[in-house]
Each structure stands twice: as structure tokens, then as C-alpha cells.
>>> print(open('target_25.txt').read())   # compact mmCIF, C-alpha atoms
# COMPACT_ATOMS: atom_id res chain seq x y z
CA MET A 85 -19.28 -9.16 -3.73
CA LEU A 86 -20.27 -5.65 -2.71
CA THR A 87 -18.58 -5.99 0.68
CA VAL A 88 -15.28 -6.63 -1.06
CA LYS A 89 -15.59 -3.24 -2.76
CA LYS A 90 -16.68 -1.42 0.39
CA ALA A 91 -13.90 -2.72 2.62
CA PRO A 92 -11.04 -1.14 0.63
CA ALA A 93 -12.84 2.21 0.43
CA VAL A 94 -13.54 2.24 4.17
CA VAL A 95 -9.95 1.30 4.95
CA ALA A 96 -8.63 3.89 2.52
CA ALA A 97 -10.85 6.55 4.09
CA ALA A 98 -9.65 5.55 7.55
CA ILE A 99 -6.05 5.75 6.35
CA GLY A 100 -6.69 9.17 4.88
CA ILE A 101 -8.07 10.33 8.20
CA ALA A 102 -5.17 8.71 10.04
CA LEU A 103 -2.67 10.40 7.75
CA ALA A 104 -4.43 13.70 8.28
CA LEU A 105 -4.49 13.25 12.05
CA THR A 106 -1.05 11.75 12.53
CA GLY A 107 0.06 13.54 9.43
CA CYS A 108 3.37 13.52 7.87
CA SER A 109 4.41 16.47 9.89
CA SER A 110 5.69 16.50 13.39
CA ASP A 111 5.50 19.27 15.97
CA PRO A 112 6.66 22.43 14.14
CA ALA A 113 8.46 23.90 17.14
CA PRO A 114 11.32 21.36 17.25
CA GLN A 115 11.74 21.65 13.48
CA ALA A 116 12.07 25.40 13.61
CA ALA A 117 14.87 25.11 16.15
CA GLN A 118 17.10 23.21 13.72
CA PRO A 119 18.41 24.68 10.49
CA ALA A 120 17.42 22.71 7.38
CA SER A 121 21.02 21.90 6.54
CA ALA A 122 21.96 20.62 9.99
CA PRO A 123 23.47 17.15 9.80
CA SER A 124 21.38 14.40 11.33
CA PRO A 125 22.61 12.59 14.46
CA SER A 126 23.24 9.47 12.35
CA GLY A 127 25.21 11.41 9.73
CA ALA A 128 22.58 10.73 7.05
CA ASP A 129 22.24 13.40 4.38
CA PRO A 130 18.95 15.28 5.03
CA ALA A 131 18.25 15.69 1.30
CA ALA A 132 18.79 11.97 0.65
CA THR A 133 16.63 11.12 3.66
CA GLU A 134 13.82 13.34 2.40
CA ALA A 135 14.09 11.87 -1.11
CA TRP A 136 13.90 8.34 0.30
CA MET A 137 10.91 9.22 2.46
CA ASN A 138 9.19 10.88 -0.50
CA GLY A 139 9.59 7.68 -2.52
CA PHE A 140 8.43 5.48 0.35
CA CYS A 141 5.31 7.57 0.99
CA GLY A 142 4.70 7.84 -2.75
CA ALA A 143 4.67 4.08 -3.23
CA VAL A 144 2.07 3.67 -0.49
CA HIS A 145 -0.06 6.61 -1.63
CA ASP A 146 -0.08 5.30 -5.21
CA PHE A 147 -1.27 1.94 -3.89
CA ILE A 148 -4.08 3.61 -1.93
CA ASP A 149 -5.11 5.66 -4.99
CA GLY A 150 -5.17 2.53 -7.15
CA ASN A 151 -7.07 0.63 -4.49
CA ASN A 152 -9.74 3.34 -4.46
CA LYS A 153 -10.19 2.90 -8.22
CA MET A 154 -10.83 -0.84 -8.06
CA PRO A 155 -13.66 -1.81 -10.41
CA ALA A 156 -16.84 -3.10 -8.82
CA ALA A 157 -17.68 -6.75 -9.07
CA GLY A 158 -21.12 -7.73 -10.14
CA GLY A 159 -23.27 -9.10 -12.86
CA ASP A 160 -26.50 -10.93 -13.54
CA THR A 161 -25.02 -14.37 -14.15
CA VAL A 162 -22.37 -16.49 -12.49
CA GLU A 163 -20.24 -16.10 -15.61
CA ALA A 164 -20.52 -12.30 -15.51
CA ILE A 165 -19.71 -12.22 -11.81
CA THR A 166 -16.72 -14.49 -12.37
CA LYS A 167 -15.43 -12.20 -15.12
CA SER A 168 -15.85 -9.07 -13.00
CA THR A 169 -14.13 -10.78 -10.07
CA SER A 170 -11.25 -11.74 -12.36
CA ASP A 171 -11.06 -8.10 -13.48
CA GLN A 172 -10.93 -6.98 -9.83
CA LEU A 173 -8.17 -9.47 -9.08
CA GLY A 174 -6.22 -8.31 -12.12
CA HIS A 175 -6.55 -4.67 -11.09
CA TYR A 176 -5.44 -5.43 -7.55
CA ALA A 177 -2.51 -7.55 -8.75
CA GLY A 178 -1.48 -4.68 -11.01
CA ILE A 179 -1.44 -2.03 -8.29
CA LEU A 180 0.32 -4.38 -5.89
CA GLY A 181 2.94 -5.14 -8.54
CA LYS A 182 3.54 -1.42 -9.10
CA THR A 183 3.88 -0.91 -5.35
CA VAL A 184 6.40 -3.73 -5.02
CA ASP A 185 8.34 -2.29 -7.97
CA ALA A 186 8.29 1.22 -6.44
CA LEU A 187 9.56 -0.08 -3.09
CA ASN A 188 12.28 -2.10 -4.82
CA ALA A 189 13.32 1.03 -6.75
CA LEU A 190 13.93 3.09 -3.61
CA PRO A 191 17.50 4.29 -3.21
CA PRO A 192 19.55 2.72 -0.42
CA ALA A 193 18.04 3.32 2.98
CA PRO A 194 19.62 6.42 4.57
CA VAL A 195 19.19 5.10 8.15
CA PRO A 196 18.54 1.63 9.60
CA ALA A 197 14.90 2.45 10.41
CA ALA A 198 14.28 3.12 6.72
CA ASP A 199 15.66 -0.29 5.80
CA ALA A 200 13.44 -1.98 8.39
CA ALA A 201 10.30 -0.13 7.24
CA GLU A 202 11.03 -0.87 3.60
CA LYS A 203 11.52 -4.60 4.28
CA ASP A 204 8.31 -4.77 6.33
CA PHE A 205 6.17 -3.01 3.71
CA LEU A 206 7.81 -4.88 0.84
CA GLY A 207 7.09 -8.20 2.55
CA LYS A 208 3.42 -7.34 3.06
CA TYR A 209 2.84 -6.03 -0.45
CA THR A 210 4.72 -8.94 -2.02
CA ALA A 211 2.67 -11.48 -0.03
CA ALA A 212 -0.53 -9.69 -1.07
CA ARG A 213 0.53 -9.59 -4.73
CA ASP A 214 1.37 -13.29 -4.72
CA LYS A 215 -1.96 -14.24 -3.11
CA VAL A 216 -4.08 -12.20 -5.50
CA THR A 217 -2.09 -13.38 -8.53
CA LYS A 218 -2.70 -17.00 -7.50
CA ALA A 219 -6.39 -16.32 -6.83
CA LYS A 220 -6.78 -14.81 -10.31
CA ALA A 221 -4.90 -17.66 -12.01
CA ASP A 222 -7.01 -20.26 -10.20
CA LEU A 223 -10.26 -18.45 -11.02
CA ASP A 224 -9.31 -17.99 -14.66
CA ALA A 225 -8.42 -21.71 -14.94
CA ALA A 226 -11.79 -22.79 -13.49
CA LYS A 227 -15.00 -23.16 -15.45
CA ARG A 228 -16.94 -19.90 -15.62
CA SER A 229 -19.88 -21.55 -13.84
CA ASP A 230 -17.76 -22.83 -10.91
CA THR A 231 -19.18 -21.01 -7.90
CA ALA A 232 -16.68 -22.68 -5.55
CA ALA A 233 -13.82 -21.19 -7.59
CA GLN A 234 -15.56 -17.81 -7.35
CA SER A 235 -15.72 -18.15 -3.57
CA ARG A 236 -12.04 -19.15 -3.33
CA ALA A 237 -11.11 -16.14 -5.49
CA VAL A 238 -12.95 -13.77 -3.15
CA ASP A 239 -11.21 -15.41 -0.18
CA GLY A 240 -7.87 -14.88 -1.95
CA LEU A 241 -8.68 -11.23 -2.55
CA MET A 242 -9.61 -10.71 1.08
CA ALA A 243 -6.41 -12.42 2.26
CA ALA A 244 -4.37 -10.19 -0.05
CA GLN A 245 -6.18 -7.11 1.23
CA LYS A 246 -5.43 -8.11 4.80
CA ASP A 247 -1.71 -8.25 4.00
CA ALA A 248 -1.67 -4.98 2.06
CA HIS A 249 -3.76 -3.12 4.59
CA GLY A 250 -1.14 -3.91 7.20
CA ALA A 251 1.15 -1.48 5.36
CA LEU A 252 -0.82 1.69 4.75
CA ASP A 253 0.81 4.25 7.04
CA PRO A 254 4.36 4.98 5.88
CA VAL A 255 4.90 7.71 8.46
CA LYS A 256 3.85 5.58 11.41
CA ALA A 257 6.34 2.96 10.25
CA VAL A 258 9.24 5.38 10.79
CA LEU A 259 8.19 7.36 13.87
CA ASP A 260 11.06 5.86 15.90
CA SER A 261 13.55 7.60 13.61
CA PRO A 262 14.00 11.35 14.18
CA GLU A 263 15.66 11.68 10.76
CA LEU A 264 12.80 10.00 8.92
CA THR A 265 10.11 11.77 10.93
CA LYS A 266 11.70 15.10 10.07
CA ALA A 267 12.03 14.10 6.41
CA ALA A 268 8.38 13.01 6.32
CA ALA A 269 7.36 16.49 7.47
CA THR A 270 8.83 18.05 4.34
CA ALA A 271 8.51 15.26 1.75
CA ALA A 272 5.78 16.22 -0.70
CA ARG A 273 4.41 12.67 -1.12
CA CYS A 274 4.04 12.26 2.66
CA ARG A 275 1.43 15.00 2.93
CA PRO A 276 -2.21 13.94 3.14
>>> encode(input="target_25.txt", output="C-alpha cells")
Amino acid sequence: MLTVKKAPAVVAAAIGIALALTGCSSDPAPQAAQPASAPSPSGADPAATEAWMNGFCGAVHDFIDGNNKMPAAGGDTVEAITKSTSDQLGHYAGILGKTVDALNALPPAPVPAADAAEKDFLGKYTAARDKVTKAKADLDAAKRSDTAAQSRAVDGLMAAQKDAHGALDPVKAVLDSPELTKAAATAARCRP
């Protein structure tokens, strides 16, 4: 059970480093050459693009923060371990649900790349939420002494984590869009 706890922390640390290295900012020289109010090549409103990017990054960062606060699983008996695993699954389902809700609450995508990134991340977080919700329901329905149910629940958690961890870098997801890359450089929630 301890490896389940360590994996999210390691991944979150790697993401933090990746965000710091790739950052949410691009090369400052090209940004300085353009006035802040210059219209984007696609005609998207820069303020709306920044607001969208801020919400997109915020949803992912809130997920990572929640993931880092996942309770540890453990206990001295199978029943205690099963309960702590159920608590972990519930916590993870909760943060995934909030992330899905936050992504669904984003305003309309200002550019096509935003729509594509949102759909990709939403699909991954939704799949993860559904897997962990099912794993928790199955574990909770099993007898507390059912070690096979415990094992299946851990497998469900790891499958959900695999889906969610495929969507941890909101800036990388939009690097092909000059408008979104520029917006990410100034959006407060995109900063490491």
C-alpha cells in the first residue's frame, strides 16, 4: 500500500519540476515585442484567452494539490487496511470530481487548441474518476476481510492514477498555440 502513496508524490514532484523547467512562461523577448493589447492572429480576445488559460491551469493545479494530500493507507488488520484504502479511493474520487467540474465550468474555448486540450484533459480525468469510483463502490460492497477485493481496489486506484497522470501539464498541452502560450505566461494559475 505504501507504493500507492509514493507514486503520486513522486509524479507530483516531477510535474512541479517540469512546470518550473518548462514553466508557464515563454521566452520573454518575443513577448516584449508585442503590446499587451495587440489582437491575436486568430482574433481571440487576449483577456478572454488569459482567463481561460488561468482556469485550465487552475483545475490541474488544484488536482495536483489534492493528490499531494491523499491520506496514507495502512493499518494492522485487513479490515483497517480496507477502510483506509476506501478512504483513499474516496479522496481521489473527490479531487477527480472537482477537476472534472472545473474543466466543465471553463468558458468557451477562445481558440481551437484550447478546445482540443480541454477535451483531452477532461477525457482523462473523467476516465480516472469513473475507475476510482467503481473501485471504491466494489471495495465497499465486499466483505471487510476480502483481500482479493482489496487487491482489485488498489489496481483500480493505479489505473485511475495512470489516466489522471496523463494530464498533468496544462502548458505543454497548448504549446502549439501562440495565443495560449502567451496567455499561460501571464495567467496567475499557470505559474509554478
>>> atom_distance(input="target_25.txt", atom1="CA of Asp224 (chain A)", atom2="CA of Val144 (chain A)")
28.3 Å
>>> atom_distance(input="target_25.txt", atom1="CA of Thr210 (chain A)", atom2="CA of Val238 (chain A)")
18.4 Å
>>> closest_residue(input="target_25.txt", among="A:Asp160, A:Asp230, A:Asp214, A:Asp222", to="Ala244 (chain A)", atoms="only C-alpha atoms")
A:Asp214
>>> atom_distance(input="target_25.txt", atom1="CA of Arg228 (chain A)", atom2="CA of Pro155 (chain A)")
19.1 Å
>>> residues_around(input="target_25.txt", residues="Ala221 (chain A)", least_positions_apart="3", cutoff="10 Å", atoms="all atoms listed in the file", output="ChimeraX atom specification")
/A:170,173-174,215-218,224-226,237
>>> write_last_selection(input="target_25.txt", atoms="C-alpha atoms", output="PDB file, in the frame of the given file")
ATOM      1  CA  SER A 170     -11.250 -11.740 -12.360  1.00  0.00           C
ATOM      2  CA  LEU A 173      -8.170  -9.470  -9.080  1.00  0.00           C
ATOM      3  CA  GLY A 174      -6.220  -8.310 -12.120  1.00  0.00           C
ATOM      4  CA  LYS A 215      -1.960 -14.240  -3.110  1.00  0.00           C
ATOM      5  CA  VAL A 216      -4.080 -12.200  -5.500  1.00  0.00           C
ATOM      6  CA  THR A 217      -2.090 -13.380  -8.530  1.00  0.00           C
ATOM      7  CA  LYS A 218      -2.700 -17.000  -7.500  1.00  0.00           C
ATOM      8  CA  ASP A 224      -9.310 -17.990 -14.660  1.00  0.00           C
ATOM      9  CA  ALA A 225      -8.420 -21.710 -14.940  1.00  0.00           C
ATOM     10  CA  ALA A 226     -11.790 -22.790 -13.490  1.00  0.00           C
ATOM     11  CA  ALA A 237     -11.110 -16.140  -5.490  1.00  0.00           C
TER      12      ALA A 237
END
>>> closest_residue(input="target_25.txt", among="A:Ala271, A:Ala143, A:Met137, A:Ala248", to="Lys208 (chain A)", atoms="only C-alpha atoms")
A:Ala248
>>> closest_residue(input="target_25.txt", among="A:Arg273, A:Lys266, A:Leu252, A:Ser229", to="Val162 (chain A)", atoms="all atoms listed in the file")
A:Ser229
>>> closest_residue(input="target_25.txt", among="A:Gly181, A:Gly159, A:Gly207, A:Gly139", to="Val255 (chain A)", atoms="all atoms listed in the file")
A:Gly139
>>> closest_residue(input="target_25.txt", among="A:Pro254, A:Gly150, A:Gly240, A:Pro192", to="Ala267 (chain A)", atoms="only C-alpha atoms")
A:Pro254
>>> closest_residue(input="target_25.txt", among="A:Cys141, A:Ala219, A:Ala232, A:Met154", to="Leu190 (chain A)", atoms="only C-alpha atoms")
A:Cys141
